[in-house]
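What follows is a set of notes on a single structure, which appears directly below.
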Amino acid sequence: MPKYLLIMRGTDESNAAMMADIDEMMATTRQFIEEMVKAGVLLAAEGLDDPGQGVVVDFSGEAPVVTDGPYGETKELFGGFFLLDVASKQEAVEWAKRVPAAPGAKIEVRRVPGSDEVPQVDK
């Protein structure tokens with residue numbers, strides 16, 4: 001079966017709304033994860049730390065440049081993901097529609113290609 005990544009994207013506003021009631025958000029997220037486990041579709045799930053704790057390595061110039069977060073120019077922040085093993089994109093979308101999310105957040109659904117789909121380099 002194909003794998004799909006549900007990428008959680010938030011804005012400063014949606015992240016603030018989520019943090020305002022973090023206990024309820026965590027409880028509903030744990031319940032959602034349990035539902036995916038029972039359905040046998042969850043392969044992995046992780047949330048990410050505050051973007052202010054991260055760095056960006058920029059390869060625009062001759063040498064990589066490392067910049068500490070937070071990133072004022074970023075409109076949407078990657079907050080975490082669920083990796084699912086489902087039969088179709090539509091099934092992944094149905095799970096994405098059930099993700100506990102604050103108003104203004106988005107879930108991006110992307111298929112993960114299998115190793116047989118990655119171009120092979122001739123040696």
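Each chain in the structure tokens gets a letter, A, B and so on, in the order shown; residues start at 1 in every chain, and ligands are counted from 1 in the order they appear.
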
Going by DSSP on the backbone, which bits of chain A are strand (DSSP E)? Write them as number ranges by chain, please.
-> A: 3-10, 42-47, 55-58, 65-68, 77-85, 106-112

Write out as a PyMOL selection string all residues of region 6-120 of chain A that backbone DSSP assigns to helix (DSSP H, G or I).
-> chain A and resi 12-20+22-39+51-53+89-96+115-117

Please produce a file of those selected residues containing N, CA and C atoms, as a compact mmCIF listing (two decimals), in the first residue's frame.
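Output file again_10.txt follows:
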```txt
# COMPACT_ATOMS: atom_id res chain seq x y z
N ASP A 12 1.36 31.66 13.09
CA ASP A 12 1.52 32.16 14.45
C ASP A 12 0.17 32.18 15.17
N GLU A 13 -0.88 32.57 14.46
CA GLU A 13 -2.22 32.67 15.05
C GLU A 13 -2.78 31.29 15.40
N SER A 14 -2.67 30.34 14.47
CA SER A 14 -3.22 29.01 14.77
C SER A 14 -2.41 28.32 15.86
N ASN A 15 -1.10 28.54 15.88
CA ASN A 15 -0.27 27.96 16.94
C ASN A 15 -0.63 28.56 18.30
N ALA A 16 -0.89 29.86 18.35
CA ALA A 16 -1.29 30.50 19.60
C ALA A 16 -2.63 29.95 20.07
N ALA A 17 -3.57 29.74 19.15
CA ALA A 17 -4.88 29.19 19.50
C ALA A 17 -4.72 27.78 20.06
N MET A 18 -3.85 26.99 19.45
CA MET A 18 -3.62 25.63 19.92
C MET A 18 -3.00 25.66 21.33
N MET A 19 -2.03 26.53 21.55
CA MET A 19 -1.36 26.60 22.85
C MET A 19 -2.28 27.12 23.94
N ALA A 20 -3.30 27.90 23.58
CA ALA A 20 -4.23 28.44 24.56
C ALA A 20 -5.01 27.33 25.26
N ILE A 22 -3.88 23.79 25.22
CA ILE A 22 -2.99 22.69 24.85
C ILE A 22 -3.41 21.36 25.47
N ASP A 23 -3.95 21.38 26.68
CA ASP A 23 -4.34 20.11 27.32
C ASP A 23 -5.44 19.41 26.52
N GLU A 24 -6.44 20.16 26.09
CA GLU A 24 -7.52 19.57 25.28
C GLU A 24 -6.99 19.12 23.92
N MET A 25 -6.12 19.93 23.31
CA MET A 25 -5.56 19.57 22.01
C MET A 25 -4.75 18.28 22.12
N MET A 26 -3.95 18.14 23.17
CA MET A 26 -3.15 16.92 23.34
C MET A 26 -4.05 15.71 23.58
N ALA A 27 -5.12 15.88 24.34
CA ALA A 27 -6.04 14.76 24.60
C ALA A 27 -6.72 14.31 23.32
N THR A 28 -7.19 15.24 22.51
CA THR A 28 -7.85 14.86 21.26
C THR A 28 -6.85 14.29 20.26
N THR A 29 -5.62 14.78 20.29
CA THR A 29 -4.59 14.23 19.40
C THR A 29 -4.24 12.80 19.81
N ARG A 30 -4.11 12.54 21.11
CA ARG A 30 -3.83 11.17 21.57
C ARG A 30 -4.96 10.23 21.15
N GLN A 31 -6.21 10.68 21.26
CA GLN A 31 -7.36 9.87 20.84
C GLN A 31 -7.30 9.60 19.33
N PHE A 32 -6.97 10.62 18.55
CA PHE A 32 -6.85 10.46 17.10
C PHE A 32 -5.76 9.45 16.75
N ILE A 33 -4.63 9.53 17.43
CA ILE A 33 -3.53 8.58 17.20
C ILE A 33 -3.99 7.16 17.54
N GLU A 34 -4.70 6.99 18.64
CA GLU A 34 -5.21 5.67 19.01
C GLU A 34 -6.14 5.12 17.93
N GLU A 35 -6.98 5.98 17.35
CA GLU A 35 -7.88 5.55 16.27
C GLU A 35 -7.09 5.07 15.06
N MET A 36 -6.01 5.79 14.71
CA MET A 36 -5.20 5.38 13.57
C MET A 36 -4.46 4.07 13.86
N VAL A 37 -4.01 3.89 15.09
CA VAL A 37 -3.34 2.64 15.48
C VAL A 37 -4.33 1.48 15.36
N LYS A 38 -5.53 1.65 15.90
CA LYS A 38 -6.56 0.61 15.84
C LYS A 38 -6.91 0.27 14.39
N ALA A 39 -6.91 1.27 13.51
CA ALA A 39 -7.21 1.04 12.10
C ALA A 39 -6.03 0.43 11.35
N PRO A 51 9.63 26.72 16.75
CA PRO A 51 10.56 27.11 15.68
C PRO A 51 11.69 28.02 16.15
N GLY A 52 11.49 28.72 17.24
CA GLY A 52 12.55 29.57 17.77
C GLY A 52 13.74 28.77 18.27
N GLN A 53 13.56 27.47 18.47
CA GLN A 53 14.65 26.61 18.93
C GLN A 53 15.44 26.00 17.78
N LYS A 89 -4.91 7.96 -1.97
CA LYS A 89 -4.83 9.37 -1.57
C LYS A 89 -6.13 9.79 -0.91
N GLN A 90 -7.25 9.32 -1.43
CA GLN A 90 -8.54 9.69 -0.85
C GLN A 90 -8.65 9.23 0.60
N GLU A 91 -8.15 8.03 0.91
CA GLU A 91 -8.17 7.57 2.30
C GLU A 91 -7.28 8.46 3.17
N ALA A 92 -6.12 8.86 2.64
CA ALA A 92 -5.24 9.77 3.39
C ALA A 92 -5.93 11.10 3.64
N VAL A 93 -6.65 11.59 2.63
CA VAL A 93 -7.38 12.85 2.78
C VAL A 93 -8.46 12.73 3.85
N GLU A 94 -9.14 11.60 3.87
CA GLU A 94 -10.18 11.39 4.89
C GLU A 94 -9.58 11.42 6.30
N TRP A 95 -8.42 10.81 6.48
CA TRP A 95 -7.74 10.88 7.78
C TRP A 95 -7.31 12.33 8.06
N ALA A 96 -6.79 13.02 7.06
CA ALA A 96 -6.35 14.41 7.24
C ALA A 96 -7.50 15.30 7.70
N SER A 115 10.61 2.77 -2.91
CA SER A 115 11.99 2.70 -3.39
C SER A 115 12.06 2.30 -4.86
N ASP A 116 11.04 1.57 -5.34
CA ASP A 116 11.03 1.16 -6.75
C ASP A 116 10.67 2.32 -7.69
N GLU A 117 10.23 3.44 -7.13
CA GLU A 117 9.87 4.60 -7.94
C GLU A 117 10.97 5.65 -8.02
```

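Picture a line from CA of Leu6 (chain A) to CA of Ala45 (chain A); it runs 9.2 Å.
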
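Every protein or nucleic acid residue with an atom no more than 7 Å from region 103-111 of chain A, counting only C-alpha atoms and leaving out same-chain residues fewer than 2 positions away, appears here: Lys3, Tyr4, Leu5, Leu6, Ile7, Met8, Arg9, Gly10, Thr11, Ser14, Val93, Ala96, Ala101 and Pro113 of chain A.
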